[in-house]
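What follows is the content of final_4.pdb, which has PDB, C-alpha atoms, pLDDT in the B column:
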ATOM      1  CA  MET A   1      -1.076 -10.528 -18.230  1.00 94.00           C
ATOM      2  CA  HIS A   2      -3.641 -10.972 -15.493  1.00 96.00           C
ATOM      3  CA  ALA A   3      -6.264  -8.431 -14.419  1.00 98.00           C
ATOM      4  CA  CYS A   4      -9.069  -8.198 -11.886  1.00 97.00           C
ATOM      5  CA  ALA A   5     -11.936  -5.670 -11.781  1.00 98.00           C
ATOM      6  CA  LEU A   6     -14.299  -4.973  -8.887  1.00 98.00           C
ATOM      7  CA  THR A   7     -16.951  -2.384  -8.157  1.00 98.00           C
ATOM      8  CA  ASP A   8     -18.953  -1.883  -4.975  1.00 97.00           C
ATOM      9  CA  VAL A   9     -21.835   0.398  -3.994  1.00 96.00           C
ATOM     10  CA  GLY A  10     -20.103   1.423  -0.751  1.00 93.00           C
ATOM     11  CA  ARG A  11     -21.889   2.053   2.534  1.00 93.00           C
ATOM     12  CA  ARG A  12     -23.657   5.372   1.947  1.00 88.00           C
ATOM     13  CA  ARG A  13     -25.052   5.314  -1.596  1.00 89.00           C
ATOM     14  CA  GLN A  14     -28.275   3.655  -2.711  1.00 87.00           C
ATOM     15  CA  SER A  15     -27.045   2.869  -6.228  1.00 92.00           C
ATOM     16  CA  ASN A  16     -23.732   2.140  -7.923  1.00 95.00           C
ATOM     17  CA  GLN A  17     -22.804   4.583 -10.697  1.00 96.00           C
ATOM     18  CA  ASP A  18     -19.236   3.278 -11.064  1.00 97.00           C
ATOM     19  CA  VAL A  19     -18.693   1.065 -14.103  1.00 98.00           C
ATOM     20  CA  VAL A  20     -15.600  -0.989 -14.929  1.00 98.00           C
ATOM     21  CA  PHE A  21     -14.484  -2.633 -18.155  1.00 98.00           C
ATOM     22  CA  CYS A  22     -11.650  -5.140 -18.149  1.00 98.00           C
ATOM     23  CA  SER A  23     -10.455  -7.128 -21.157  1.00 97.00           C
ATOM     24  CA  GLU A  24      -7.060  -8.827 -21.016  1.00 97.00           C
ATOM     25  CA  ASN A  25      -7.686 -10.188 -24.521  1.00 96.00           C
ATOM     26  CA  PRO A  26      -7.644  -8.335 -27.864  1.00 97.00           C
ATOM     27  CA  LEU A  27     -10.621  -6.115 -28.629  1.00 96.00           C
ATOM     28  CA  GLY A  28     -10.731  -5.082 -32.264  1.00 96.00           C
ATOM     29  CA  ASN A  29      -7.267  -3.716 -33.034  1.00 96.00           C
ATOM     30  CA  LEU A  30      -6.443  -3.188 -29.365  1.00 98.00           C
ATOM     31  CA  PRO A  31      -4.404  -5.846 -27.514  1.00 97.00           C
ATOM     32  CA  ASN A  32      -6.459  -5.213 -24.352  1.00 98.00           C
ATOM     33  CA  LEU A  33      -8.611  -2.484 -22.778  1.00 98.00           C
ATOM     34  CA  PHE A  34      -9.250  -1.340 -19.213  1.00 98.00           C
ATOM     35  CA  ALA A  35     -11.553   1.471 -18.067  1.00 98.00           C
ATOM     36  CA  VAL A  36     -13.246   2.987 -15.013  1.00 98.00           C
ATOM     37  CA  ALA A  37     -16.155   5.436 -15.359  1.00 98.00           C
ATOM     38  CA  ASP A  38     -17.692   7.247 -12.385  1.00 97.00           C
ATOM     39  CA  GLY A  39     -21.104   8.715 -13.225  1.00 96.00           C
ATOM     40  CA  MET A  40     -22.523  11.891 -11.753  1.00 92.00           C
ATOM     41  CA  GLY A  41     -26.014  13.325 -11.629  1.00 84.00           C
ATOM     42  CA  GLY A  42     -29.230  11.848 -10.257  1.00 74.00           C
ATOM     43  CA  HIS A  43     -29.612   8.092  -9.869  1.00 71.00           C
ATOM     44  CA  ASN A  44     -30.689   7.424 -13.445  1.00 79.00           C
ATOM     45  CA  ALA A  45     -28.519  10.148 -14.959  1.00 93.00           C
ATOM     46  CA  GLY A  46     -25.183   9.150 -13.430  1.00 94.00           C
ATOM     47  CA  ASP A  47     -25.800   5.493 -14.104  1.00 94.00           C
ATOM     48  CA  TYR A  48     -26.764   6.232 -17.730  1.00 96.00           C
ATOM     49  CA  ALA A  49     -23.696   8.391 -18.317  1.00 97.00           C
ATOM     50  CA  SER A  50     -21.097   5.944 -16.994  1.00 97.00           C
ATOM     51  CA  ARG A  51     -22.652   2.897 -18.641  1.00 97.00           C
ATOM     52  CA  THR A  52     -23.060   4.707 -21.956  1.00 97.00           C
ATOM     53  CA  ALA A  53     -19.426   5.846 -21.883  1.00 98.00           C
ATOM     54  CA  VAL A  54     -18.116   2.319 -21.356  1.00 98.00           C
ATOM     55  CA  LYS A  55     -20.515   0.841 -23.919  1.00 98.00           C
ATOM     56  CA  ILE A  56     -19.328   3.320 -26.574  1.00 98.00           C
ATOM     57  CA  LEU A  57     -15.673   2.749 -25.682  1.00 98.00           C
ATOM     58  CA  LYS A  58     -16.088  -0.990 -26.195  1.00 97.00           C
ATOM     59  CA  LYS A  59     -18.028  -0.543 -29.465  1.00 97.00           C
ATOM     60  CA  GLN A  60     -15.519   1.915 -30.905  1.00 96.00           C
ATOM     61  CA  ALA A  61     -12.612  -0.388 -30.025  1.00 96.00           C
ATOM     62  CA  GLU A  62     -14.312  -3.336 -31.718  1.00 96.00           C
ATOM     63  CA  GLU A  63     -15.248  -1.462 -34.903  1.00 95.00           C
ATOM     64  CA  THR A  64     -12.495   1.094 -35.592  1.00 94.00           C
ATOM     65  CA  GLU A  65      -9.968   0.604 -38.393  1.00 94.00           C
ATOM     66  CA  SER A  66      -7.274   2.535 -36.560  1.00 96.00           C
ATOM     67  CA  GLN A  67      -4.286   0.689 -35.104  1.00 94.00           C
ATOM     68  CA  ASP A  68      -3.290   3.544 -32.774  1.00 97.00           C
ATOM     69  CA  PRO A  69      -4.522   3.191 -29.155  1.00 97.00           C
ATOM     70  CA  GLY A  70      -4.333   6.943 -28.594  1.00 97.00           C
ATOM     71  CA  VAL A  71      -6.464   7.668 -31.648  1.00 97.00           C
ATOM     72  CA  ILE A  72      -8.983   4.994 -30.689  1.00 97.00           C
ATOM     73  CA  LEU A  73      -9.322   6.377 -27.158  1.00 98.00           C
ATOM     74  CA  GLN A  74      -9.604   9.958 -28.404  1.00 97.00           C
ATOM     75  CA  ASP A  75     -12.270   9.102 -31.008  1.00 97.00           C
ATOM     76  CA  SER A  76     -14.186   7.081 -28.418  1.00 97.00           C
ATOM     77  CA  ILE A  77     -14.180   9.949 -25.932  1.00 98.00           C
ATOM     78  CA  ALA A  78     -15.443  12.383 -28.565  1.00 97.00           C
ATOM     79  CA  GLU A  79     -18.280  10.013 -29.479  1.00 97.00           C
ATOM     80  CA  MET A  80     -19.324   9.284 -25.891  1.00 97.00           C
ATOM     81  CA  ASN A  81     -19.305  13.009 -25.096  1.00 98.00           C
ATOM     82  CA  ARG A  82     -21.510  13.726 -28.124  1.00 97.00           C
ATOM     83  CA  VAL A  83     -24.023  10.999 -27.254  1.00 97.00           C
ATOM     84  CA  ILE A  84     -24.259  11.825 -23.542  1.00 97.00           C
ATOM     85  CA  TRP A  85     -24.458  15.583 -24.127  1.00 97.00           C
ATOM     86  CA  GLU A  86     -27.216  15.250 -26.749  1.00 96.00           C
ATOM     87  CA  ARG A  87     -29.184  12.777 -24.626  1.00 96.00           C
ATOM     88  CA  SER A  88     -29.008  15.120 -21.623  1.00 94.00           C
ATOM     89  CA  LYS A  89     -30.664  17.831 -23.722  1.00 94.00           C
ATOM     90  CA  GLU A  90     -33.423  15.520 -24.955  1.00 94.00           C
ATOM     91  CA  ASP A  91     -34.468  14.066 -21.572  1.00 94.00           C
ATOM     92  CA  PRO A  92     -35.037  16.427 -18.601  1.00 92.00           C
ATOM     93  CA  GLU A  93     -34.407  13.561 -16.173  1.00 90.00           C
ATOM     94  CA  LEU A  94     -30.900  13.178 -17.592  1.00 93.00           C
ATOM     95  CA  ASN A  95     -30.052  16.880 -17.686  1.00 91.00           C
ATOM     96  CA  GLY A  96     -26.744  17.720 -16.031  1.00 91.00           C
ATOM     97  CA  MET A  97     -25.378  14.200 -16.146  1.00 95.00           C
ATOM     98  CA  GLY A  98     -21.753  13.376 -16.812  1.00 96.00           C
ATOM     99  CA  THR A  99     -19.045  10.863 -16.072  1.00 97.00           C
ATOM    100  CA  THR A 100     -15.349  10.653 -15.404  1.00 97.00           C
ATOM    101  CA  LEU A 101     -13.249   8.197 -17.391  1.00 98.00           C
ATOM    102  CA  VAL A 102      -9.823   6.685 -17.019  1.00 98.00           C
ATOM    103  CA  ALA A 103      -8.829   4.144 -19.669  1.00 98.00           C
ATOM    104  CA  ALA A 104      -5.659   2.254 -20.524  1.00 98.00           C
ATOM    105  CA  VAL A 105      -4.233   0.023 -23.241  1.00 98.00           C
ATOM    106  CA  ILE A 106      -1.022  -1.942 -22.665  1.00 98.00           C
ATOM    107  CA  ASN A 107       1.015  -2.950 -25.713  1.00 96.00           C
ATOM    108  CA  GLY A 108       4.158  -4.791 -24.641  1.00 95.00           C
ATOM    109  CA  ASN A 109       5.794  -2.518 -22.091  1.00 96.00           C
ATOM    110  CA  VAL A 110       4.103   0.676 -23.368  1.00 98.00           C
ATOM    111  CA  MET A 111       0.846   1.843 -21.799  1.00 98.00           C
ATOM    112  CA  THR A 112      -1.438   4.464 -23.363  1.00 98.00           C
ATOM    113  CA  VAL A 113      -3.689   6.254 -20.866  1.00 98.00           C
ATOM    114  CA  ALA A 114      -6.585   8.704 -21.216  1.00 98.00           C
ATOM    115  CA  ASN A 115      -8.403  10.473 -18.409  1.00 97.00           C
ATOM    116  CA  ILE A 116     -11.121  13.033 -17.798  1.00 97.00           C
ATOM    117  CA  GLY A 117     -12.159  13.895 -14.244  1.00 96.00           C
ATOM    118  CA  ASP A 118     -10.765  12.530 -10.999  1.00 94.00           C
ATOM    119  CA  SER A 119     -10.698   8.779 -11.522  1.00 97.00           C
ATOM    120  CA  ARG A 120      -7.046   7.763 -11.431  1.00 97.00           C
ATOM    121  CA  LEU A 121      -4.394   5.459 -12.835  1.00 98.00           C
ATOM    122  CA  TYR A 122      -1.328   4.491 -10.815  1.00 98.00           C
ATOM    123  CA  VAL A 123       1.786   2.522 -11.697  1.00 98.00           C
ATOM    124  CA  VAL A 124       2.832   0.320  -8.799  1.00 97.00           C
ATOM    125  CA  GLY A 125       6.458  -0.733  -8.404  1.00 94.00           C
ATOM    126  CA  ARG A 126       8.769   0.217  -5.565  1.00 91.00           C
ATOM    127  CA  GLY A 127       6.210   2.855  -4.777  1.00 95.00           C
ATOM    128  CA  LEU A 128       2.882   4.208  -5.997  1.00 96.00           C
ATOM    129  CA  TYR A 129       3.111   6.692  -8.871  1.00 96.00           C
ATOM    130  CA  GLN A 130       0.024   8.603 -10.054  1.00 96.00           C
ATOM    131  CA  VAL A 131       0.124   8.909 -13.841  1.00 97.00           C
ATOM    132  CA  THR A 132      -3.125  10.829 -14.329  1.00 97.00           C
ATOM    133  CA  ARG A 133      -3.852  14.360 -13.140  1.00 92.00           C
ATOM    134  CA  ASP A 134      -7.143  15.072 -11.380  1.00 92.00           C
ATOM    135  CA  HIS A 135      -9.368  17.561 -13.163  1.00 92.00           C
ATOM    136  CA  SER A 136     -10.630  19.040  -9.921  1.00 84.00           C
ATOM    137  CA  LEU A 137     -10.953  22.449  -8.338  1.00 84.00           C
ATOM    138  CA  VAL A 138      -8.570  21.619  -5.502  1.00 82.00           C
ATOM    139  CA  GLU A 139      -5.840  20.324  -7.826  1.00 80.00           C
ATOM    140  CA  GLU A 140      -6.073  23.511  -9.881  1.00 81.00           C
ATOM    141  CA  LEU A 141      -5.653  25.538  -6.673  1.00 81.00           C
ATOM    142  CA  VAL A 142      -2.695  23.358  -5.639  1.00 77.00           C
ATOM    143  CA  ALA A 143      -1.053  23.966  -9.031  1.00 78.00           C
ATOM    144  CA  GLN A 144      -1.551  27.727  -8.527  1.00 82.00           C
ATOM    145  CA  GLY A 145       0.025  27.546  -5.074  1.00 82.00           C
ATOM    146  CA  LYS A 146      -3.238  28.606  -3.399  1.00 78.00           C
ATOM    147  CA  LEU A 147      -3.911  25.364  -1.534  1.00 81.00           C
ATOM    148  CA  THR A 148      -2.046  22.446   0.008  1.00 80.00           C
ATOM    149  CA  ARG A 149      -3.172  18.830  -0.199  1.00 73.00           C
ATOM    150  CA  ASP A 150      -3.097  18.404   3.573  1.00 72.00           C
ATOM    151  CA  SER A 151      -5.450  21.324   4.231  1.00 80.00           C
ATOM    152  CA  ALA A 152      -9.026  21.037   5.493  1.00 76.00           C
ATOM    153  CA  GLU A 153     -10.249  23.035   2.487  1.00 78.00           C
ATOM    154  CA  TYR A 154      -8.664  20.511   0.121  1.00 75.00           C
ATOM    155  CA  GLN A 155     -10.526  17.656   1.805  1.00 72.00           C
ATOM    156  CA  ALA A 156     -13.805  19.577   1.855  1.00 74.00           C
ATOM    157  CA  LYS A 157     -13.752  20.438  -1.866  1.00 71.00           C
ATOM    158  CA  LYS A 158     -12.190  17.281  -3.361  1.00 74.00           C
ATOM    159  CA  ASN A 159     -15.440  16.267  -5.045  1.00 75.00           C
ATOM    160  CA  VAL A 160     -15.672  19.396  -7.244  1.00 83.00           C
ATOM    161  CA  ILE A 161     -14.402  18.325 -10.663  1.00 86.00           C
ATOM    162  CA  THR A 162     -13.617  20.687 -13.529  1.00 91.00           C
ATOM    163  CA  ARG A 163     -13.907  18.286 -16.469  1.00 93.00           C
ATOM    164  CA  ALA A 164     -16.297  15.449 -17.202  1.00 96.00           C
ATOM    165  CA  ILE A 165     -17.707  13.663 -20.228  1.00 97.00           C
ATOM    166  CA  GLY A 166     -21.155  14.832 -21.326  1.00 96.00           C
ATOM    167  CA  VAL A 167     -21.421  18.168 -19.501  1.00 94.00           C
ATOM    168  CA  GLY A 168     -20.598  20.292 -22.547  1.00 93.00           C
ATOM    169  CA  GLU A 169     -20.507  20.113 -26.321  1.00 94.00           C
ATOM    170  CA  GLU A 170     -16.782  19.368 -26.231  1.00 93.00           C
ATOM    171  CA  VAL A 171     -14.443  17.765 -23.736  1.00 94.00           C
ATOM    172  CA  GLU A 172     -10.662  17.704 -23.502  1.00 95.00           C
ATOM    173  CA  ALA A 173      -8.974  14.559 -22.265  1.00 97.00           C
ATOM    174  CA  ASP A 174      -5.418  14.170 -21.024  1.00 97.00           C
ATOM    175  CA  PHE A 175      -3.299  11.490 -22.684  1.00 98.00           C
ATOM    176  CA  PHE A 176      -0.171   9.808 -21.370  1.00 98.00           C
ATOM    177  CA  GLU A 177       2.258   7.238 -22.719  1.00 97.00           C
ATOM    178  CA  VAL A 178       4.083   5.307 -20.026  1.00 97.00           C
ATOM    179  CA  GLU A 179       6.892   2.771 -20.319  1.00 97.00           C
ATOM    180  CA  LEU A 180       6.321   0.006 -17.792  1.00 97.00           C
ATOM    181  CA  ALA A 181       9.302  -1.659 -16.139  1.00 96.00           C
ATOM    182  CA  GLU A 182       9.513  -5.376 -15.419  1.00 93.00           C
ATOM    183  CA  GLY A 183       7.422  -6.307 -12.415  1.00 92.00           C
ATOM    184  CA  GLU A 184       5.379  -3.110 -12.294  1.00 96.00           C
ATOM    185  CA  SER A 185       1.602  -3.400 -11.973  1.00 97.00           C
ATOM    186  CA  VAL A 186      -1.203  -0.948 -12.701  1.00 98.00           C
ATOM    187  CA  LEU A 187      -4.182   0.317 -10.702  1.00 98.00           C
ATOM    188  CA  LEU A 188      -7.206   2.125 -12.150  1.00 98.00           C
ATOM    189  CA  CYS A 189      -9.749   3.389  -9.624  1.00 98.00           C
ATOM    190  CA  SER A 190     -12.549   5.832  -8.903  1.00 97.00           C
ATOM    191  CA  ASP A 191     -12.367   8.466  -6.173  1.00 94.00           C
ATOM    192  CA  GLY A 192     -14.447   6.202  -3.972  1.00 95.00           C
ATOM    193  CA  LEU A 193     -11.150   4.463  -3.231  1.00 97.00           C
ATOM    194  CA  THR A 194      -8.717   7.386  -3.122  1.00 94.00           C
ATOM    195  CA  ASN A 195     -10.987   9.597  -0.992  1.00 92.00           C
ATOM    196  CA  MET A 196     -11.298   6.877   1.616  1.00 94.00           C
ATOM    197  CA  ILE A 197      -7.769   5.509   2.081  1.00 96.00           C
ATOM    198  CA  THR A 198      -4.312   7.002   1.684  1.00 94.00           C
ATOM    199  CA  GLU A 199      -1.858   6.195  -1.070  1.00 95.00           C
ATOM    200  CA  GLU A 200       0.348   4.585   1.583  1.00 96.00           C
ATOM    201  CA  GLU A 201      -2.492   2.213   2.490  1.00 97.00           C
ATOM    202  CA  ILE A 202      -3.173   1.473  -1.175  1.00 98.00           C
ATOM    203  CA  PHE A 203       0.484   0.626  -1.793  1.00 98.00           C
ATOM    204  CA  SER A 204       0.654  -1.539   1.325  1.00 97.00           C
ATOM    205  CA  ILE A 205      -2.378  -3.588   0.244  1.00 97.00           C
ATOM    206  CA  ILE A 206      -1.196  -4.025  -3.348  1.00 97.00           C
ATOM    207  CA  SER A 207       2.272  -5.058  -2.139  1.00 94.00           C
ATOM    208  CA  ARG A 208       0.935  -7.983  -0.131  1.00 91.00           C
ATOM    209  CA  GLY A 209       1.864 -11.443  -1.341  1.00 88.00           C
ATOM    210  CA  LEU A 210      -1.746 -12.369  -2.077  1.00 94.00           C
ATOM    211  CA  PRO A 211      -3.576 -13.408  -5.253  1.00 96.00           C
ATOM    212  CA  LEU A 212      -4.597 -10.446  -7.408  1.00 96.00           C
ATOM    213  CA  GLU A 213      -8.297 -10.954  -6.690  1.00 97.00           C
ATOM    214  CA  ASP A 214      -7.677 -10.898  -2.937  1.00 97.00           C
ATOM    215  CA  ARG A 215      -5.727  -7.665  -3.167  1.00 97.00           C
ATOM    216  CA  ALA A 216      -8.466  -6.003  -5.222  1.00 98.00           C
ATOM    217  CA  ALA A 217     -11.053  -7.155  -2.686  1.00 98.00           C
ATOM    218  CA  ALA A 218      -8.872  -5.854   0.157  1.00 98.00           C
ATOM    219  CA  LEU A 219      -8.776  -2.395  -1.435  1.00 98.00           C
ATOM    220  CA  VAL A 220     -12.576  -2.300  -1.629  1.00 98.00           C
ATOM    221  CA  GLU A 221     -12.888  -3.585   1.926  1.00 98.00           C
ATOM    222  CA  ALA A 222     -10.465  -0.954   3.236  1.00 98.00           C
ATOM    223  CA  ALA A 223     -12.443   1.842   1.549  1.00 98.00           C
ATOM    224  CA  ASN A 224     -15.649   0.546   3.101  1.00 97.00           C
ATOM    225  CA  LEU A 225     -14.065   0.189   6.540  1.00 97.00           C
ATOM    226  CA  SER A 226     -12.965   3.821   6.295  1.00 95.00           C
ATOM    227  CA  GLY A 227     -16.560   4.912   5.733  1.00 94.00           C
ATOM    228  CA  GLY A 228     -17.460   3.836   2.199  1.00 93.00           C
ATOM    229  CA  ARG A 229     -18.958   7.244   1.434  1.00 91.00           C
ATOM    230  CA  ASP A 230     -19.021   6.661  -2.324  1.00 93.00           C
ATOM    231  CA  ASN A 231     -19.132   3.877  -4.893  1.00 96.00           C
ATOM    232  CA  ILE A 232     -15.795   2.113  -5.275  1.00 98.00           C
ATOM    233  CA  ALA A 233     -14.214   0.858  -8.504  1.00 98.00           C
ATOM    234  CA  VAL A 234     -10.878  -0.942  -8.790  1.00 98.00           C
ATOM    235  CA  ILE A 235      -8.956  -2.596 -11.639  1.00 98.00           C
ATOM    236  CA  LEU A 236      -5.614  -4.247 -10.847  1.00 98.00           C
ATOM    237  CA  ILE A 237      -3.352  -5.398 -13.694  1.00 98.00           C
ATOM    238  CA  GLU A 238      -0.226  -7.537 -13.499  1.00 96.00           C
ATOM    239  CA  ARG A 239       1.983  -8.175 -16.525  1.00 89.00           C
TER     240      ARG A 239
END
Would you encode the structure as structure tokens?
Amino acid sequence: MHACALTDVGRRRQSNQDVVFCSENPLGNLPNLFAVADGMGGHNAGDYASRTAVKILKKQAEETESQDPGVILQDSIAEMNRVIWERSKEDPELNGMGTTLVAAVINGNVMTVANIGDSRLYVVGRGLYQVTRDHSLVEELVAQGKLTRDSAEYQAKKNVITRAIGVGEEVEADFFEVELAEGESVLLCSDGLTNMITEEEIFSIISRGLPLEDRAAALVEAANLSGGRDNIAVILIER
């Protein structure tokens, strides 16, 4: 297995609230661990939320006695939500903060995925397949048949998310178990990538016969060339 993680401030933001964690090697009872967190709130608040989420995820993975990736991810999410929510109530400067999270563990050809918010995980093979479901207002309207993804309203409201870690006393994550086929790779990313370039462009870049690091850098560059309106986070994994 080989993985590469990159994050970039983009061209419009003053600070980078995207945080990545990438471990190809065992971490506690996990064979590996990959995560992207995209903080929201003021400068200090968003940064605190995303960094705290990833810090707790790493600590929980290292210290838990569980052998089950799904249980470890679920317990970690509950703990990070508790810590961020309580801290937001203690410090007025951190009030209203939160963070998205997409995390994955790959054990052989089985991948366990957790997500909250609109950071995404894709499986890349003959095409680009989105495993996660965005917790966003527009995706809820699409599911209800009230909106189409190619509409102007969809583009205008894409940044309104309906779930995030730390914005309430409890949070519900989605969990997925995916069987990876030979030769398939994995992409985790924040919306700073997917709001800037199309899935067709993402697939084209990942499919290039370049080293993994060059392809990850090309994704970030493409998002910036398209405007770079947000922070950008990318993790590419090859098995």
Review point. Once the PyMOL selection byres ((chain A and resi 45) around 9) has been applied to the shown file, what residues remain in the selection, as a PyMOL selection string?
Key: chain A and resi 39-44+46-50+88+93-98
Take the residues from that selection and write them out as a short mmCIF file (atom, residue, chain, number, x, y, z; two decimals), in the coordinates of the input, keeping C-alpha atoms.
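Done, and the output landed in result.cif:
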data_model
loop_
_atom_site.label_atom_id
_atom_site.label_comp_id
_atom_site.auth_asym_id
_atom_site.auth_seq_id
_atom_site.Cartn_x
_atom_site.Cartn_y
_atom_site.Cartn_z
CA GLY A 39 -21.10 8.72 -13.22
CA MET A 40 -22.52 11.89 -11.75
CA GLY A 41 -26.01 13.32 -11.63
CA GLY A 42 -29.23 11.85 -10.26
CA HIS A 43 -29.61 8.09 -9.87
CA ASN A 44 -30.69 7.42 -13.44
CA GLY A 46 -25.18 9.15 -13.43
CA ASP A 47 -25.80 5.49 -14.10
CA TYR A 48 -26.76 6.23 -17.73
CA ALA A 49 -23.70 8.39 -18.32
CA SER A 50 -21.10 5.94 -16.99
CA SER A 88 -29.01 15.12 -21.62
CA GLU A 93 -34.41 13.56 -16.17
CA LEU A 94 -30.90 13.18 -17.59
CA ASN A 95 -30.05 16.88 -17.69
CA GLY A 96 -26.74 17.72 -16.03
CA MET A 97 -25.38 14.20 -16.15
CA GLY A 98 -21.75 13.38 -16.81
#
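If you measure from each of A:Leu147, A:Ala37, A:Leu187, A:Val160 to Gln17 of chain A using only C-alpha atoms, the closest one turns out to be A:Ala37.
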Exercise for review: Output the residue selection produced by the PyMOL selection byres ((chain A and resi 23) around 6) on the file above, formatted as number ranges by chain.
Suggested key: A: 22, 24-25, 32-33
Review point. Exactly which residues make up the result of the PyMOL selection byres ((chain A and resi 201) around 12) on this file, given as JSON, numbers by chain?
Key: {"A": [127, 128, 193, 194, 195, 196, 197, 198, 199, 200, 202, 203, 204, 205, 206, 207, 208, 215, 218, 219, 220, 221, 222, 223, 226]}
Point to revise | Pick from A:Pro211, A:Gly28, A:Gly70, A:Gly192 nearest to His2 of chain A, counting all atoms listed in the file | key: A:Pro211
Exercise for review: Rank nothing, just name the residue among A:Val36, A:Met111, A:Val124, A:Ile77 nearest to Gly183 of chain A, using only C-alpha atoms.
Suggested key: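 Answer, going by the shortest atom-to-atom distance: A:Val124.
Interatomic distance, atom CA of Ala78 of chain A to atom CA of Val20 of chain A: 19.1 Å.
Among the candidates A:Arg82, A:Lys89, A:Arg126, A:Arg12, the one nearest to Glu182 of chain A when counting all atoms listed in the file is A:Arg126.
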**Study point:** Å distance separating atom CA of Ile232 of chain A from atom CA of Thr7 of chain A, one decimal place
**Key:**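 It comes out at 5.5 Å.
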Study note, to complete from the structure: Restricting to all atoms listed in the file, whichever of A:Glu79, A:Glu170, A:Val123, A:Gln155 is closest to Ile237 of chain A is A:Val123
